[in-house]
Amino acid sequence: YGVEIIEGAKPIQEHPFEGNAAFILGNEGQGLTEQQMAICDSYVYIPQYGKGTASLNVTVAGSIILHHFCIWANYKETDREGYKYVLGERPQRQMKRGVCLDPEQVKEERLARKAQGSADWLESEGHQDTQGEGPNEGVIASMFTTE
């Protein structure tokens with residue numbers, strides 16, 4: 001879904017979603033580029049009330065979009081304790097703070113995993129979670145449960 005104020009875009013509060021979704025948001029000044037718009041199957045927009053601004057900050061807009069998607073997808077609300085939400089278990093750090101990997105080495109490792117057909121080719125070494133394997137098994141899945 002493209003998030004853009006264009007003809008044919010549906011208001012987000014109508015929850016016009018179908019199945020899995022990816023959202024593309026443009027920058028605050030110019031919106032989506034023509035290339036970005038070309039890959040969108042449909043569009044949604046966030047109605048605004050009042051004349052104080054021409055558009056929303058991208059982070060704010062993304063939060064609103066994802067909130068509505070989670071409601072539509074019937075994700076379970078996170079448990080609350082007092083005035084805060086209960087956090088999930090934090091994954092154990094896999095490397096020291098401040099250690100930067102060689103970008104070329106990371107790129108080569110990702111390309112090698114992609115060539116092997118691995119589903120975790122976008123993850124950094126030691127941080128896989130996509131197939132329920134590795135040190136962070138199930139962490140990402142547990143963040144988005146529909147139970």
# chains A, B, ... in the order shown; residues from 1 in each chain; ligands from 1
call {"tool": "residues_around", "arguments": {"residues": "Ala54 of chain A", "least_positions_apart": "4", "cutoff": "10 Å", "atoms": "only C-alpha atoms", "output": "VMD selection string"}}
result
chain A and resid 28 to 29 48 50
call {"tool": "residues_around", "arguments": {"residues": "Gly2 of chain A", "least_positions_apart": "6", "cutoff": "7 Å", "atoms": "only C-alpha atoms", "output": "PyMOL selection string"}}
result
chain A and resi 23-25+37+40+42-44
call {"tool": "write_last_selection", "arguments": {"atoms": "all heavy atoms", "output": "JSON list (two decimals), in the first residue's frame"}}
result
[["chain", "number", "residue", "atom", "x", "y", "z"],
["A", 23, "PHE", "N", 3.80, -1.29, 3.50],
["A", 23, "PHE", "CA", 3.43, 0.11, 3.36],
["A", 23, "PHE", "C", 4.64, 0.92, 2.91],
["A", 23, "PHE", "O", 5.73, 0.73, 3.42],
["A", 23, "PHE", "CB", 2.90, 0.66, 4.68],
["A", 23, "PHE", "CG", 1.67, -0.04, 5.14],
["A", 23, "PHE", "CD1", 1.75, -1.06, 6.08],
["A", 23, "PHE", "CD2", 0.43, 0.29, 4.63],
["A", 23, "PHE", "CE1", 0.61, -1.73, 6.52],
["A", 23, "PHE", "CE2", -0.71, -0.37, 5.05],
["A", 23, "PHE", "CZ", -0.62, -1.38, 5.99],
["A", 24, "ILE", "N", 4.42, 1.80, 1.95],
["A", 24, "ILE", "CA", 5.47, 2.70, 1.49],
["A", 24, "ILE", "C", 5.01, 4.12, 1.79],
["A", 24, "ILE", "O", 3.93, 4.54, 1.38],
["A", 24, "ILE", "CB", 5.73, 2.55, -0.02],
["A", 24, "ILE", "CG1", 6.17, 1.12, -0.34],
["A", 24, "ILE", "CG2", 6.78, 3.55, -0.48],
["A", 24, "ILE", "CD1", 6.38, 0.87, -1.82],
["A", 25, "LEU", "N", 5.85, 4.84, 2.53],
["A", 25, "LEU", "CA", 5.56, 6.23, 2.87],
["A", 25, "LEU", "C", 6.60, 7.11, 2.23],
["A", 25, "LEU", "O", 7.79, 6.80, 2.27],
["A", 25, "LEU", "CB", 5.60, 6.43, 4.39],
["A", 25, "LEU", "CG", 4.48, 5.74, 5.19],
["A", 25, "LEU", "CD1", 4.86, 4.33, 5.54],
["A", 25, "LEU", "CD2", 4.16, 6.54, 6.41],
["A", 37, "MET", "N", 5.40, 4.95, -6.44],
["A", 37, "MET", "CA", 3.98, 4.82, -6.77],
["A", 37, "MET", "C", 3.74, 3.71, -7.78],
["A", 37, "MET", "O", 2.70, 3.05, -7.75],
["A", 37, "MET", "CB", 3.44, 6.16, -7.25],
["A", 37, "MET", "CG", 3.40, 7.20, -6.14],
["A", 37, "MET", "SD", 2.84, 8.81, -6.67],
["A", 37, "MET", "CE", 1.08, 8.53, -6.75],
["A", 40, "CYS", "N", 3.01, 0.28, -6.16],
["A", 40, "CYS", "CA", 1.90, 0.16, -5.21],
["A", 40, "CYS", "C", 0.65, -0.40, -5.91],
["A", 40, "CYS", "O", 0.30, 0.04, -6.99],
["A", 40, "CYS", "CB", 1.57, 1.53, -4.61],
["A", 40, "CYS", "SG", 2.91, 2.20, -3.62],
["A", 42, "SER", "N", -2.36, -0.40, -4.27],
["A", 42, "SER", "CA", -3.45, 0.47, -3.84],
["A", 42, "SER", "C", -2.90, 1.49, -2.85],
["A", 42, "SER", "O", -1.75, 1.40, -2.43],
["A", 42, "SER", "CB", -4.59, -0.35, -3.22],
["A", 42, "SER", "OG", -4.11, -1.13, -2.15],
["A", 43, "TYR", "N", -3.76, 2.43, -2.47],
["A", 43, "TYR", "CA", -3.32, 3.54, -1.64],
["A", 43, "TYR", "C", -4.27, 3.76, -0.48],
["A", 43, "TYR", "O", -5.48, 3.53, -0.59],
["A", 43, "TYR", "CB", -3.25, 4.83, -2.46],
["A", 43, "TYR", "CG", -2.23, 4.76, -3.56],
["A", 43, "TYR", "CD1", -2.56, 4.28, -4.81],
["A", 43, "TYR", "CD2", -0.92, 5.15, -3.32],
["A", 43, "TYR", "CE1", -1.62, 4.19, -5.82],
["A", 43, "TYR", "CE2", 0.04, 5.07, -4.32],
["A", 43, "TYR", "CZ", -0.32, 4.59, -5.55],
["A", 43, "TYR", "OH", 0.62, 4.50, -6.55],
["A", 44, "VAL", "N", -3.70, 4.23, 0.61],
["A", 44, "VAL", "CA", -4.47, 4.68, 1.76],
["A", 44, "VAL", "C", -3.99, 6.08, 2.13],
["A", 44, "VAL", "O", -2.90, 6.49, 1.74],
["A", 44, "VAL", "CB", -4.32, 3.74, 2.98],
["A", 44, "VAL", "CG1", -4.92, 2.37, 2.69],
["A", 44, "VAL", "CG2", -2.87, 3.60, 3.41]]
call {"tool": "residues_around", "arguments": {"residues": "Pro11 of chain A", "least_positions_apart": "6", "cutoff": "7 Å", "atoms": "only C-alpha atoms", "output": "PyMOL selection string"}}
result
chain A and resi 44-47
call {"tool": "closest_residue", "arguments": {"among": "A:Lys96, A:Glu34, A:Glu108, A:Ala21", "to": "Cys70 of chain A", "atoms": "only C-alpha atoms"}}
result
A:Ala21
call {"tool": "atom_distance", "arguments": {"atom1": "atom CA of Ile65 of chain A", "atom2": "atom CA of Tyr1 of chain A"}}
result
10.2 Å
call {"tool": "atom_distance", "arguments": {"atom1": "atom CA of Ile12 of chain A", "atom2": "atom CA of Gln35 of chain A"}}
result
22.5 Å
call {"tool": "closest_residue", "arguments": {"among": "A:Asn27, A:Arg113, A:Gly82, A:Arg93", "to": "Asn57 of chain A", "atoms": "only C-alpha atoms"}}
result
A:Asn27
call {"tool": "select_by_dssp", "arguments": {"residues": "segment 65-101 of chain A", "states": "helix (DSSP H, G or I)", "output": "PyMOL selection string"}}
result
chain A and resi 65-72
call {"tool": "write_last_selection", "arguments": {"atoms": "N, CA and C atoms", "output": "CSV table (one decimal), in the first residue's frame"}}
result
chain,number,residue,atom,x,y,z
A,65,ILE,N,-0.7,4.4,10.6
A,65,ILE,CA,-1.0,3.3,9.6
A,65,ILE,C,-0.9,2.0,10.2
A,66,LEU,N,0.3,1.8,10.9
A,66,LEU,CA,0.5,0.4,11.5
A,66,LEU,C,-0.5,0.1,12.7
A,67,HIS,N,-0.9,1.2,13.4
A,67,HIS,CA,-1.9,1.0,14.4
A,67,HIS,C,-3.2,0.5,13.8
A,68,HIS,N,-3.6,1.1,12.7
A,68,HIS,CA,-4.9,0.7,12.1
A,68,HIS,C,-4.7,-0.7,11.5
A,69,PHE,N,-3.6,-1.0,10.9
A,69,PHE,CA,-3.4,-2.4,10.4
A,69,PHE,C,-3.4,-3.4,11.5
A,70,CYS,N,-2.8,-3.1,12.6
A,70,CYS,CA,-2.9,-4.1,13.8
A,70,CYS,C,-4.3,-4.3,14.3
A,71,ILE,N,-5.1,-3.2,14.3
A,71,ILE,CA,-6.5,-3.4,14.7
A,71,ILE,C,-7.2,-4.3,13.7
A,72,TRP,N,-7.0,-4.0,12.4
A,72,TRP,CA,-7.7,-4.8,11.4
A,72,TRP,C,-7.2,-6.3,11.4
call {"tool": "select_by_dssp", "arguments": {"residues": "segment 71-125 of chain A", "states": "strand (DSSP E)", "output": "list in words"}}
result
Arg80, Glu81, Lys84 and Tyr85 of chain A
call {"tool": "write_last_selection", "arguments": {"atoms": "N, CA, C and O atoms", "output": "mmCIF file, in the first residue's frame"}}
result
data_model
loop_
_atom_site.group_PDB
_atom_site.id
_atom_site.type_symbol
_atom_site.label_atom_id
_atom_site.label_comp_id
_atom_site.auth_asym_id
_atom_site.auth_seq_id
_atom_site.Cartn_x
_atom_site.Cartn_y
_atom_site.Cartn_z
ATOM 1 N N ARG A 80 -0.704 -4.926 30.021
ATOM 2 C CA ARG A 80 -0.306 -3.710 30.723
ATOM 3 C C ARG A 80 -0.103 -4.016 32.197
ATOM 4 O O ARG A 80 -0.756 -4.885 32.763
ATOM 5 N N GLU A 81 0.796 -3.270 32.791
ATOM 6 C CA GLU A 81 1.038 -3.362 34.226
ATOM 7 C C GLU A 81 1.214 -1.932 34.735
ATOM 8 O O GLU A 81 2.176 -1.258 34.361
ATOM 9 N N LYS A 84 2.320 1.162 32.283
ATOM 10 C CA LYS A 84 3.247 0.748 31.219
ATOM 11 C C LYS A 84 2.791 -0.574 30.603
ATOM 12 O O LYS A 84 2.058 -1.345 31.206
ATOM 13 N N TYR A 85 3.286 -0.837 29.403
ATOM 14 C CA TYR A 85 3.065 -2.124 28.766
ATOM 15 C C TYR A 85 4.161 -3.086 29.206
ATOM 16 O O TYR A 85 5.303 -2.685 29.437
#
call {"tool": "closest_residue", "arguments": {"among": "A:Val3, A:Leu32, A:Ile39, A:Ala73", "to": "Phe17 of chain A", "atoms": "only C-alpha atoms"}}
result
A:Ala73
